[in-house]
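Engineer: Handing you a structure now.
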Amino acid sequence: MSRDISPKVITLMGPTASGKTALAIKLVQEFNCEIISVDSALIYKGMDIGTAKPTESELKYAPHRLINIIEPNESYSAADFRRDALNEIEKILLRGKVPLLVGGTMLYFKALLEGLSPLPAADETVRQQIALEAQTKGWSCLHEELSSFDPISAARIHPNDPQRLSRAIEVYRLSGRSLTELSQTKSDTFPYDVVQFAIAPTDRKMLHKTIEQRFSEMLAEGFVEEVRKLKARKDLHLDLPSMRCVGYRQCWEYLNGDIEYDIMVEKAVVATRQLAKRQLTWLRGWPELNWLESGEENNLATIMRLCR
């Protein structure tokens, strides 16, 4: 029988391949929780193997909200996630359950817990104008322009990062205020009590080994064929956020004949390690975080104790 725990919301963060899903499923079985996914890859339909999406069996015992919600050719922002997550949290609370937010997309967690800046919505006309200027003058010239009105963003954004550079200029042209200035203003903060956990192995080598092993399992489960089906779609290409998910870009390049199979495997594993490193960097600076060790038998008891 499930047991009640008192906090209104629990978060379970961690790098990729750290054991978040397995622990979350145990929490659902043991306690009065329902899972909300906080993962920018699990949102996509048809991307199951390479994203390590929970299996049908796992979802039967522990349904995940906010997975399989959009097509890979569609966009989904941190603002979209915050809106949807707050909506799902309210539904779970009305059912007398405890929302358990699980994932490794730290930008989503940050948007949810800290609120969002009042940035203007994307404007395709302005973006096309910026892209045209980049073709004629070069991104380095546009980077100098950014430095003139937003030196802080210019110092943070590399001249060879056209996506972020374009967005910073677009924000200024649309609002007359710099990205730095607008980012200092947040929307409403998180309206619920929250207890936060992060899970990770203490040995970095162990995490690397798990990442390598998991990718091998993905390949055995048919990952290449999954990407082959995605590549056959006429509406998908490598510039989409969905195809920038680790593993997918490398496998696409292999199917394109650009790299050999062994190189694809190596590049995908390295990209996943780099993702895990970035996630851990975020987490080390995260406030009010209770750390759990991957595979530790007492993790459930620790969560129960800290949530009383």
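Note on naming: chains are A, B, ... as they come in the structure tokens, residues start from 1 per chain, ligands start from 1 in the order shown.
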Do you have, as a tab-separated table, the list of residues of stretch 44-154 of chain A lying at most 6 Å from stretch 181-198 of chain A, each with its nearest atom pair and that distance in Å to one decimal, counting only C-alpha atoms and ordered by chain then number?
Structural biologist:
residue	atom	partner	partner_atom	distance
A:Leu113	CA	A:Phe190	CA	4.8
A:Glu114	CA	A:Thr189	CA	5.2
A:Gly115	CA	A:Ser187	CA	4.9
A:Leu116	CA	A:Lys186	CA	5.0
A:Ser117	CA	A:Lys186	CA	4.5
Engineer: Would you write out, as a tab-separated table, a table of all residues in stretch 185-274 of chain A that have an atom no more than 8 Å from an atom of stretch 69-88 of chain A, listing for each the closest atom pair and the distance in Å to one decimal, considering only C-alpha atoms and ordering rows by chain and rising residue number?
Structural biologist:
residue	atom	partner	partner_atom	distance
A:Asp235	CA	A:Asn73	CA	6.4
A:Leu236	CA	A:Asn73	CA	5.9
A:Leu240	CA	A:Asn73	CA	6.8
A:Pro241	CA	A:Ser75	CA	7.4
A:Ser242	CA	A:Pro72	CA	5.4
A:Met243	CA	A:Pro72	CA	7.7
Engineer: Could you take the residues named above and write them with C-alpha atoms, as a CSV table (one decimal), in the first residue's frame?
Structural biologist:
chain,number,residue,atom,x,y,z
A,235,ASP,CA,9.7,17.2,-42.6
A,236,LEU,CA,12.8,16.4,-40.5
A,240,LEU,CA,15.7,20.9,-35.7
A,241,PRO,CA,16.0,20.8,-31.9
A,242,SER,CA,14.7,17.2,-31.9
A,243,MET,CA,17.5,16.0,-34.2
Engineer: Could you state the separation of atom CA of A:Thr51 and atom CA of A:Cys245 in Å, given to one decimal place?
Structural biologist: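 About the pair atom CA of A:Thr51 and atom CA of A:Cys245: they are 7.9 Å apart.
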Engineer: Please identify all polymer residues within 12 Å of A:Leu275, counting only C-alpha atoms, omitting same-chain residues fewer than 4 positions from it, and present them as a list of chain:residue names.
Structural biologist: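 So, after excluding close chain neighbours, the residues are A:Gly14, A:Pro15, A:Thr16, A:Ala17, A:Gly104, A:Thr105, A:Met106, A:Leu207, A:His208, A:Ile211, A:Arg244, A:Cys245, A:Val246, A:Gly247, A:Ala268, A:Val269, A:Val270, A:Ala271, A:Gln279, A:Leu280, A:Thr281, A:Trp282.
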Engineer: Would you mind exporting the chosen residues as an mmCIF file, in the first residue's frame, restricted to C-alpha atoms?
Structural biologist:
data_model
loop_
_atom_site.group_PDB
_atom_site.id
_atom_site.type_symbol
_atom_site.label_atom_id
_atom_site.label_comp_id
_atom_site.auth_asym_id
_atom_site.auth_seq_id
_atom_site.Cartn_x
_atom_site.Cartn_y
_atom_site.Cartn_z
ATOM 1 C CA GLY A 14 20.355 14.056 -12.233
ATOM 2 C CA PRO A 15 22.638 13.520 -15.214
ATOM 3 C CA THR A 16 21.698 11.137 -17.987
ATOM 4 C CA ALA A 17 22.066 7.427 -17.115
ATOM 5 C CA GLY A 104 17.692 16.066 -16.483
ATOM 6 C CA THR A 105 16.701 19.128 -18.511
ATOM 7 C CA MET A 106 17.969 21.712 -16.087
ATOM 8 C CA LEU A 207 28.803 7.067 -15.008
ATOM 9 C CA HIS A 208 30.886 6.907 -18.191
ATOM 10 C CA ILE A 211 26.581 5.641 -20.582
ATOM 11 C CA ARG A 244 20.105 17.716 -31.943
ATOM 12 C CA CYS A 245 19.347 15.230 -29.170
ATOM 13 C CA VAL A 246 22.473 13.248 -28.315
ATOM 14 C CA GLY A 247 22.878 10.166 -30.467
ATOM 15 C CA ALA A 268 27.462 9.502 -29.651
ATOM 16 C CA VAL A 269 29.017 8.203 -26.419
ATOM 17 C CA VAL A 270 31.281 11.271 -26.162
ATOM 18 C CA ALA A 271 28.316 13.611 -26.764
ATOM 19 C CA GLN A 279 24.087 18.555 -16.183
ATOM 20 C CA LEU A 280 26.393 17.940 -13.223
ATOM 21 C CA THR A 281 27.807 21.449 -13.557
ATOM 22 C CA TRP A 282 24.274 22.873 -13.300
#
Engineer: As a PyMOL selection string, please: every residue in stretch 43-292 of chain A that DSSP puts in helix (DSSP H, G or I).
Structural biologist: chain A and resi 56-61+78-94+106-114+124-137+139-149+151-156+162-175+179-183+204-221+223-232+242-244+248-255+261-284
Engineer: Just the residues within 12 Å of A:Leu306, please, counting only C-alpha atoms, with nothing from its chain fewer than 5 positions along; format it as a ChimeraX atom specification.
Structural biologist: /A:5-7,10,194-197,289-292,299-301
Engineer: As an exercise, work out the distance from atom CA of A:Ile263 to atom CA of A:Cys251 in Å and give it to one decimal place.
Structural biologist: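 If I compute the distance from atom CA of A:Ile263 to atom CA of A:Cys251, I get 9.7 Å.
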Engineer: Could you go through stretch 31-269 of chain A and tell me which residues DSSP, when run on the backbone, assigns to strand (DSSP E), listing them as a ChimeraX atom specification?
Structural biologist: /A:33-37,64-65,98-103,194-200
Engineer: Do you know which residues are at most 9 Å from A:Thr210 counting only C-alpha atoms, after dropping those on the same chain fewer than 4 positions away, and could you put them as a list of chain:residue names?
Structural biologist: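 Residues meeting the cut-off are A:Ala17, A:Ser18, A:Lys205, A:Met206, A:Arg214, A:Phe215.
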Engineer: Taking a cut-off of 12 Å and counting only C-alpha atoms, can you build a table that, for each residue of stretch 122-202 of chain A near stretch 295-298 of chain A, reports the nearest atom pair and how far apart they are in Å (one decimal), sorted by chain then residue number, as JSON lines?
Structural biologist:
{"residue": "A:Ile199", "atom": "CA", "partner": "A:Gly295", "partner_atom": "CA", "distance": 9.1}
{"residue": "A:Ala200", "atom": "CA", "partner": "A:Gly295", "partner_atom": "CA", "distance": 8.9}
{"residue": "A:Pro201", "atom": "CA", "partner": "A:Gly295", "partner_atom": "CA", "distance": 7.8}
{"residue": "A:Thr202", "atom": "CA", "partner": "A:Gly295", "partner_atom": "CA", "distance": 10.5}
